[in-house]
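Peer 1: Take a look at this one; I'll ask things after.
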Amino acid sequence: MKEFLLELIAAEGPLPMDRYMALCLGHPRLGYYMTRDPFGAAGDFTTAPEISQVFGELLGIWCVAAWEAIGSPAPFALVELGPGRGTLMADMLRATAKAEEFQAALQVHLVEMSPVLRQMQAEKLGGRATWHDSIANLPDEPLIFVANEFFDALPVRQIERRGEMFLERCVDARDGALVLAERPVPRLDLAAQGRHELSPVSSAIAQSLGGRVAALGGAGLVIDYGHLASGVGDTVQALKAHKPCGILEHPGSSDLTAHVDFARLAAAFGAGGAEALPGMTQGQFLLAMGLEARAQRLAAQLSGTALQEFMAGVRRLVGDKEMGSLFKVLAVAQTNRGALYPFET
Ligand code: SAH
């Protein structure tokens, strides 16, 4: 990947941060997600569904309630963006097995770019899913969608406002090494001084999903780490073997992410014609969905180390200073549809 990037920079000049991220993560042959299973102890990072089954179970119950709130459309598409190992979808389907009408009406649609992860998803979900490269190819049906740790994997541009100058952060080459550089760009509508992160890809996806929800009916959840209000600052980070590393250090073999700007995402859903209900933390959401009762039930069947590990996982999902407050949840619905538990209008 590094050789490829050096050649590309020699031919085309410095790469804006979003291009660098997109290539490192999604290059068809060399990209991080295209070549490996990044999750778990042997991988680079762990996600909520991999930590505890309770996460997917509660999301599944939210989906049933949302589906009923929008009038129980049949058929409808149960959509997941970036399904990873397929664990979240498997837990959602298992937890809703008794919601027979919901189960009979749903078709599982997965938006996934990685052939390696598609294979793992197929093994976990059997013949139940259809795969898509892009949301543009989803069926024109009402949809309930979930996206956990999907938007943080989408590339961001980094543009710093310094006085009246606008400088885009790029990746350049010097003496055979990748280095960070800045390049002046035309004035943008960014009021605050400092480094702004913009994700045109995220906005386009949210706008198009919002358009589907508005036109066809539906609802959805976005869960990710990030901030509910837009701000300035550098949040692009790299992880390898569960430890932070430099973003230029291991191109194509470290995970690269940026914090999600939920305010911008909400605006993009709105631009598509849907409504983003005011967000909350993951801890607030999971507790409102009945995490404690569910955890107690599961804990009653466990003992010893299994019980300790289970409780540690649950605490990690909702704990303050852990995923419970770092992660935020945004719900999307048709405009003027009213509240969608536990979200207020
Ligand atoms: N939701 C899962 C995985 C999160 S990791 C979990 O919670 O465990 C990010 C996922 O998004 C991976 O499945 C990755 O392959 C997928 N992905 C990242 N960028 C994508 C893109 N541009 N299009 C489609 N899928 C993408």
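Each chain of the structure tokens is named A, B, ... in the order shown, its residues numbered from 1; ligands are numbered from 1 in display order.
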Please identify every polymer residue within 6 Å of ligand 1, using only C-alpha atoms and all ligand atoms, and present the set as a list in words.

Peer 2: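 Written in the requested form, the residues are Tyr33, Thr47, Ala48, Pro49, Gly82, Pro83, Gly84, Val111, Glu112, Met113, Ser114, Asn148, Glu149, Phe150, Ala153 and Leu154 of chain A.
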
Peer 1: Go ahead and write the selection's residues with N, CA, C and O atoms as a compact mmCIF listing (two decimals), in the first residue's frame.

Peer 2:
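New file selection_31.txt:
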# COMPACT_ATOMS: atom_id res chain seq x y z
N TYR A 33 -10.01 -3.02 4.96
CA TYR A 33 -11.21 -3.86 5.13
C TYR A 33 -11.33 -4.95 4.08
O TYR A 33 -12.05 -5.92 4.28
N THR A 47 -16.03 -4.20 18.71
CA THR A 47 -17.23 -3.36 18.63
C THR A 47 -18.31 -3.89 19.58
O THR A 47 -18.23 -5.04 20.03
N ALA A 48 -19.32 -3.08 19.83
CA ALA A 48 -20.35 -3.44 20.80
C ALA A 48 -20.99 -4.81 20.57
O ALA A 48 -21.10 -5.60 21.51
N PRO A 49 -21.39 -5.15 19.34
CA PRO A 49 -22.01 -6.47 19.17
C PRO A 49 -21.05 -7.62 19.46
O PRO A 49 -21.47 -8.72 19.82
N GLY A 82 -22.50 -1.72 6.85
CA GLY A 82 -21.23 -2.15 7.44
C GLY A 82 -21.42 -3.19 8.52
O GLY A 82 -21.13 -2.95 9.69
N PRO A 83 -21.90 -4.39 8.16
CA PRO A 83 -22.29 -5.39 9.18
C PRO A 83 -21.13 -6.15 9.83
O PRO A 83 -21.40 -7.04 10.66
N GLY A 84 -19.89 -5.87 9.49
CA GLY A 84 -18.77 -6.53 10.18
C GLY A 84 -18.83 -8.03 10.05
O GLY A 84 -18.90 -8.58 8.96
N VAL A 111 -25.26 -3.73 3.35
CA VAL A 111 -24.40 -2.89 2.52
C VAL A 111 -22.98 -3.11 3.03
O VAL A 111 -22.65 -2.73 4.15
N GLU A 112 -22.16 -3.76 2.22
CA GLU A 112 -20.82 -4.17 2.67
C GLU A 112 -19.87 -4.18 1.48
O GLU A 112 -20.18 -4.74 0.45
N MET A 113 -18.70 -3.56 1.65
CA MET A 113 -17.74 -3.52 0.55
C MET A 113 -16.70 -4.64 0.62
O MET A 113 -16.05 -4.93 -0.37
N SER A 114 -16.55 -5.25 1.79
CA SER A 114 -15.44 -6.18 1.97
C SER A 114 -15.83 -7.61 1.60
O SER A 114 -16.74 -8.19 2.20
N ASN A 148 -23.94 0.55 12.93
CA ASN A 148 -23.09 0.64 14.11
C ASN A 148 -21.63 0.70 13.68
O ASN A 148 -21.15 -0.20 12.97
N GLU A 149 -20.93 1.72 14.10
CA GLU A 149 -19.52 1.92 13.71
C GLU A 149 -19.33 1.81 12.19
O GLU A 149 -18.36 1.21 11.73
N PHE A 150 -20.26 2.36 11.44
CA PHE A 150 -20.11 2.43 9.98
C PHE A 150 -19.60 3.80 9.56
O PHE A 150 -18.61 3.92 8.85
N ALA A 153 -15.96 4.93 9.76
CA ALA A 153 -15.01 4.34 8.80
C ALA A 153 -15.05 5.08 7.46
O ALA A 153 -14.32 4.72 6.54
N LEU A 154 -15.90 6.08 7.34
CA LEU A 154 -15.98 6.80 6.07
C LEU A 154 -15.01 7.99 6.09
O LEU A 154 -14.78 8.61 7.13

Peer 1: Neighbouring residues of Arg29 (chain A) were defined as those with any atom within 12 Å, considering only C-alpha atoms; residues of the same chain fewer than 5 positions away were excluded. Please report them as a PyMOL selection string.

Peer 2: chain A and resi 1+4+23-24+34-36+113-116+252

Peer 1: Where does DSSP see strand (DSSP E or B) in region 294-343 of chain A, if you list the residues as a PDB file with N, CA and C atoms, in the first residue's frame?

Peer 2:
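Okay, this is what ended up in result18.pdb:
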ATOM      1  N   PHE A 327     -20.030   6.896  22.838  1.00  0.00           N
ATOM      2  CA  PHE A 327     -20.879   6.569  21.694  1.00  0.00           C
ATOM      3  C   PHE A 327     -22.215   7.300  21.796  1.00  0.00           C
ATOM      4  N   LYS A 328     -22.712   7.744  20.644  1.00  0.00           N
ATOM      5  CA  LYS A 328     -23.996   8.443  20.579  1.00  0.00           C
ATOM      6  C   LYS A 328     -24.951   7.668  19.664  1.00  0.00           C
ATOM      7  N   VAL A 329     -26.242   7.902  19.867  1.00  0.00           N
ATOM      8  CA  VAL A 329     -27.255   7.234  19.050  1.00  0.00           C
ATOM      9  C   VAL A 329     -28.172   8.291  18.449  1.00  0.00           C
ATOM     10  N   LEU A 330     -28.351   8.186  17.160  1.00  0.00           N
ATOM     11  CA  LEU A 330     -29.230   9.110  16.447  1.00  0.00           C
ATOM     12  C   LEU A 330     -30.340   8.284  15.804  1.00  0.00           C
ATOM     13  N   ALA A 331     -31.585   8.736  15.939  1.00  0.00           N
ATOM     14  CA  ALA A 331     -32.685   8.030  15.282  1.00  0.00           C
ATOM     15  C   ALA A 331     -33.194   8.883  14.130  1.00  0.00           C
ATOM     16  N   VAL A 332     -33.574   8.206  13.066  1.00  0.00           N
ATOM     17  CA  VAL A 332     -34.082   8.891  11.875  1.00  0.00           C
ATOM     18  C   VAL A 332     -35.487   8.376  11.611  1.00  0.00           C
ATOM     19  N   ALA A 333     -36.388   9.287  11.256  1.00  0.00           N
ATOM     20  CA  ALA A 333     -37.771   8.886  11.010  1.00  0.00           C
ATOM     21  C   ALA A 333     -38.368   9.772   9.928  1.00  0.00           C
ATOM     22  N   GLN A 334     -39.590   9.431   9.515  1.00  0.00           N
ATOM     23  CA  GLN A 334     -40.284  10.317   8.599  1.00  0.00           C
ATOM     24  C   GLN A 334     -40.645  11.604   9.342  1.00  0.00           C
ATOM     25  N   LEU A 340     -40.234   8.430  18.722  1.00  0.00           N
ATOM     26  CA  LEU A 340     -39.958   7.041  18.415  1.00  0.00           C
ATOM     27  C   LEU A 340     -39.150   6.555  19.617  1.00  0.00           C
ATOM     28  N   PHE A 343     -36.642   8.095  21.830  1.00  0.00           N
ATOM     29  CA  PHE A 343     -36.294   9.420  21.313  1.00  0.00           C
ATOM     30  C   PHE A 343     -37.514  10.332  21.333  1.00  0.00           C
TER      31      PHE A 343
END

Peer 1: Here is a test: counting only C-alpha atoms, which residue of A:Ser72, A:Gln158, A:Asn336, A:Ser230 is nearest to Ala191 (chain A)?

Peer 2: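 Using only C-alpha atoms, Ala191 (chain A) sits closest to A:Ser230.
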
Peer 1: At what distance in Å, to one decimal, does CA of Glu249 (chain A) lie from CA of Asp44 (chain A)?

Peer 2: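 Distance reported for this atom pair: 14.5 Å.
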